[in-house]
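Participant: Before I ask anything, here is the structure I am working with.
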Amino acid sequence: NDMCIVNIYAPTKDKPTEQITFLKEVMNTIEGMNINTIIGGDFNVCLDQLDKSGGRKEPPSKYAQQIYDYMDEYDLCDVWRLLNPGVKRYTWRESNNTRLIQSRLDFWLIPIHMLYNINNTDITCSILSDHSIISLNFTIEDANLRGRGFWKFNSQLLTDKNYVERVKTVLNESRLKFHNEENK
């Protein structure tokens, strides 16, 4: 299995034009690879209101919107947020005597089709840094253990009247049998 793991350290929020240019360069670099690509590191932006505590409220930036646009375009997801909806954890912190500001600026973007490979993702404290460690544990299946490949439906079966009637019968029986189930 070919895989590309991209580690980034994006410009800070006081350089919004550089952030957008940086992200475009990263995405242009990986665009034509045609392999599974995982992007992780310090994006220097909060993607969700849950990802910030303390400090002043700020509207979503153009850079954050650009990340969301790329996530949509390339079918990527913020795997930690997807697996931990509603959880408040932070990867960066700044404190002084009067306030504590925390944000989740570091995260992993993975292709949605790779979610089945993810065992876990975590945020843990690090030593002598204002950033926490983000980890991603995944499994790559051994190519030798695969079966014959993807199953493909034989559309010729749709012209077989006996087959079509049998499918209709099974569907109706299933509807009757499981009509009380909440999750059908």
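In the structure tokens, the first chain shown is A, the next is B, and so on; residue numbers restart at 1 for each chain, and ligands run from 1 in the order shown.
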Neighbours of stretch 100-109 of chain A within 7 Å (only C-alpha atoms; same-chain residues fewer than 5 positions away dropped), as a compact mmCIF listing (two decimals) with N, CA and C atoms, in the first residue's frame?
Facilitator:
# COMPACT_ATOMS: atom_id res chain seq x y z
N ILE A 38 -2.31 11.34 4.18
CA ILE A 38 -2.72 11.81 5.50
C ILE A 38 -1.95 13.10 5.76
N ILE A 39 -2.67 14.14 6.16
CA ILE A 39 -2.05 15.43 6.43
C ILE A 39 -2.22 15.71 7.92
N GLY A 40 -1.13 15.97 8.60
CA GLY A 40 -1.21 16.24 10.03
C GLY A 40 -0.20 17.27 10.44
N GLY A 41 -0.49 17.92 11.55
CA GLY A 41 0.45 18.88 12.09
C GLY A 41 -0.25 20.10 12.65
N ASP A 42 0.52 21.18 12.73
CA ASP A 42 0.04 22.43 13.30
C ASP A 42 -0.53 23.29 12.17
N PHE A 43 -1.86 23.31 12.07
CA PHE A 43 -2.53 24.10 11.05
C PHE A 43 -2.69 25.56 11.48
N ASN A 44 -2.46 25.83 12.77
CA ASN A 44 -2.57 27.18 13.32
C ASN A 44 -3.93 27.82 13.07
N VAL A 45 -5.00 27.01 13.23
CA VAL A 45 -6.36 27.51 13.10
C VAL A 45 -7.31 26.58 13.84
N CYS A 46 -8.37 27.13 14.39
CA CYS A 46 -9.44 26.32 14.99
C CYS A 46 -10.52 26.14 13.93
N ASP A 51 -13.13 24.00 19.69
CA ASP A 51 -11.69 23.87 19.69
C ASP A 51 -10.97 25.07 20.31
N LYS A 52 -11.71 25.95 20.97
CA LYS A 52 -11.08 27.13 21.58
C LYS A 52 -11.70 27.40 22.95
N SER A 53 -10.84 27.78 23.89
CA SER A 53 -11.29 28.14 25.23
C SER A 53 -10.49 29.36 25.67
N GLY A 54 -11.20 30.38 26.12
CA GLY A 54 -10.52 31.59 26.56
C GLY A 54 -10.21 32.51 25.40
N GLY A 55 -9.76 33.72 25.74
CA GLY A 55 -9.46 34.69 24.70
C GLY A 55 -10.73 35.26 24.10
N LEU A 76 -11.82 14.59 2.72
CA LEU A 76 -10.99 14.46 3.92
C LEU A 76 -11.85 14.74 5.15
N CYS A 77 -11.42 14.22 6.27
CA CYS A 77 -12.12 14.53 7.52
C CYS A 77 -11.10 14.78 8.62
N ASP A 78 -11.50 15.59 9.57
CA ASP A 78 -10.73 15.82 10.79
C ASP A 78 -11.06 14.63 11.69
N VAL A 79 -10.20 13.62 11.66
CA VAL A 79 -10.52 12.34 12.27
C VAL A 79 -10.73 12.44 13.78
N ARG A 89 -10.88 19.23 23.84
CA ARG A 89 -9.46 18.92 24.13
C ARG A 89 -8.65 19.89 23.30
N TYR A 90 -7.50 20.26 23.80
CA TYR A 90 -6.72 21.31 23.16
C TYR A 90 -5.30 20.83 22.92
N THR A 91 -4.68 21.40 21.87
CA THR A 91 -3.31 21.01 21.54
C THR A 91 -2.33 22.16 21.75
N TRP A 92 -2.84 23.33 22.05
CA TRP A 92 -1.98 24.50 22.28
C TRP A 92 -2.53 25.29 23.44
N ARG A 93 -1.63 25.85 24.24
CA ARG A 93 -2.08 26.67 25.36
C ARG A 93 -1.11 27.81 25.62
N GLU A 94 -1.68 28.91 26.11
CA GLU A 94 -0.91 30.08 26.51
C GLU A 94 -1.53 30.58 27.80
N SER A 95 -0.70 30.83 28.78
CA SER A 95 -1.26 31.33 30.04
C SER A 95 -0.37 32.42 30.61
N ILE A 134 -0.23 15.00 18.98
CA ILE A 134 -1.39 14.36 18.36
C ILE A 134 -0.91 13.04 17.79
Participant: If you run DSSP on this backbone, which residues of chain A come out as alpha helix (DSSP H), and could you give them as a VMD selection string?
Facilitator: chain A and resid 16 to 31 62 to 73 79 to 83 161 to 177
Participant: Could you write out that same residue set with C-alpha atoms as a compact mmCIF listing (two decimals), in the first residue's frame?
Facilitator:
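Below is the file again27.txt, written as the result:
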# COMPACT_ATOMS: atom_id res chain seq x y z
CA PRO A 16 -3.64 35.21 6.81
CA THR A 17 -2.42 35.61 3.21
CA GLU A 18 0.57 33.35 3.89
CA GLN A 19 -1.75 30.75 5.48
CA ILE A 20 -3.90 30.53 2.36
CA THR A 21 -0.87 30.47 0.02
CA PHE A 22 0.74 27.76 2.16
CA LEU A 23 -2.37 25.59 2.12
CA LYS A 24 -2.74 25.96 -1.67
CA GLU A 25 0.90 24.88 -2.12
CA VAL A 26 0.41 21.83 0.10
CA MET A 27 -2.75 20.77 -1.73
CA ASN A 28 -1.18 21.38 -5.17
CA THR A 29 1.78 19.23 -4.16
CA ILE A 30 -0.33 16.25 -3.13
CA GLU A 31 -3.11 16.68 -5.70
CA LYS A 62 -10.92 32.58 5.23
CA TYR A 63 -8.11 30.12 5.91
CA ALA A 64 -10.41 27.87 7.99
CA GLN A 65 -12.99 28.04 5.19
CA GLN A 66 -10.27 27.11 2.68
CA ILE A 67 -9.45 24.03 4.79
CA TYR A 68 -13.13 23.05 4.84
CA ASP A 69 -13.31 23.54 1.06
CA TYR A 70 -10.33 21.24 0.53
CA MET A 71 -11.82 18.72 2.95
CA ASP A 72 -14.99 18.67 0.82
CA GLU A 73 -13.09 18.57 -2.48
CA VAL A 79 -10.52 12.34 12.27
CA TRP A 80 -10.13 13.37 15.93
CA ARG A 81 -13.21 15.62 15.82
CA LEU A 82 -15.19 12.95 13.93
CA LEU A 83 -14.37 10.31 16.56
CA LYS A 161 -38.12 -12.59 -13.55
CA ASN A 162 -37.60 -15.34 -10.93
CA TYR A 163 -34.71 -13.43 -9.36
CA VAL A 164 -36.65 -10.13 -9.27
CA GLU A 165 -39.68 -11.81 -7.67
CA ARG A 166 -37.50 -13.54 -5.06
CA VAL A 167 -35.86 -10.21 -4.10
CA LYS A 168 -39.28 -8.56 -3.76
CA THR A 169 -40.46 -11.43 -1.57
CA VAL A 170 -37.40 -11.24 0.69
CA LEU A 171 -37.80 -7.46 1.05
CA ASN A 172 -41.48 -7.77 1.98
CA GLU A 173 -40.76 -10.57 4.47
CA SER A 174 -38.00 -8.47 6.04
CA ARG A 175 -40.28 -5.44 6.35
CA LEU A 176 -42.88 -7.53 8.17
CA LYS A 177 -40.35 -9.33 10.37
Participant: So, with only C-alpha atoms as the atoms that count, which of A:Asn137, A:Thr37, A:Pro60, A:Leu50 lies closest to A:Ile112?
Facilitator: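 Among A:Asn137, A:Thr37, A:Pro60, A:Leu50, it is A:Thr37 that comes nearest to A:Ile112.
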Participant: Quick check for you: according to DSSP on this backbone, which residues of stretch 70-165 of chain A are classed as strand (DSSP E)? Reply as a PyMOL selection string.
Facilitator: chain A and resi 76-78+92-95+100-103+106-111+118-124+133-138
Participant: Between A:Tyr74, A:Tyr116, A:Phe178, A:Phe150, which residue has the minimum interatomic distance to A:Asn34, considering only C-alpha atoms?
Facilitator: A:Tyr74
Participant: As an exercise, work out the distance from atom CA of A:Asp130 to atom CA of A:Lys88 in Å and give it to one decimal place.
Facilitator: 17.2 Å
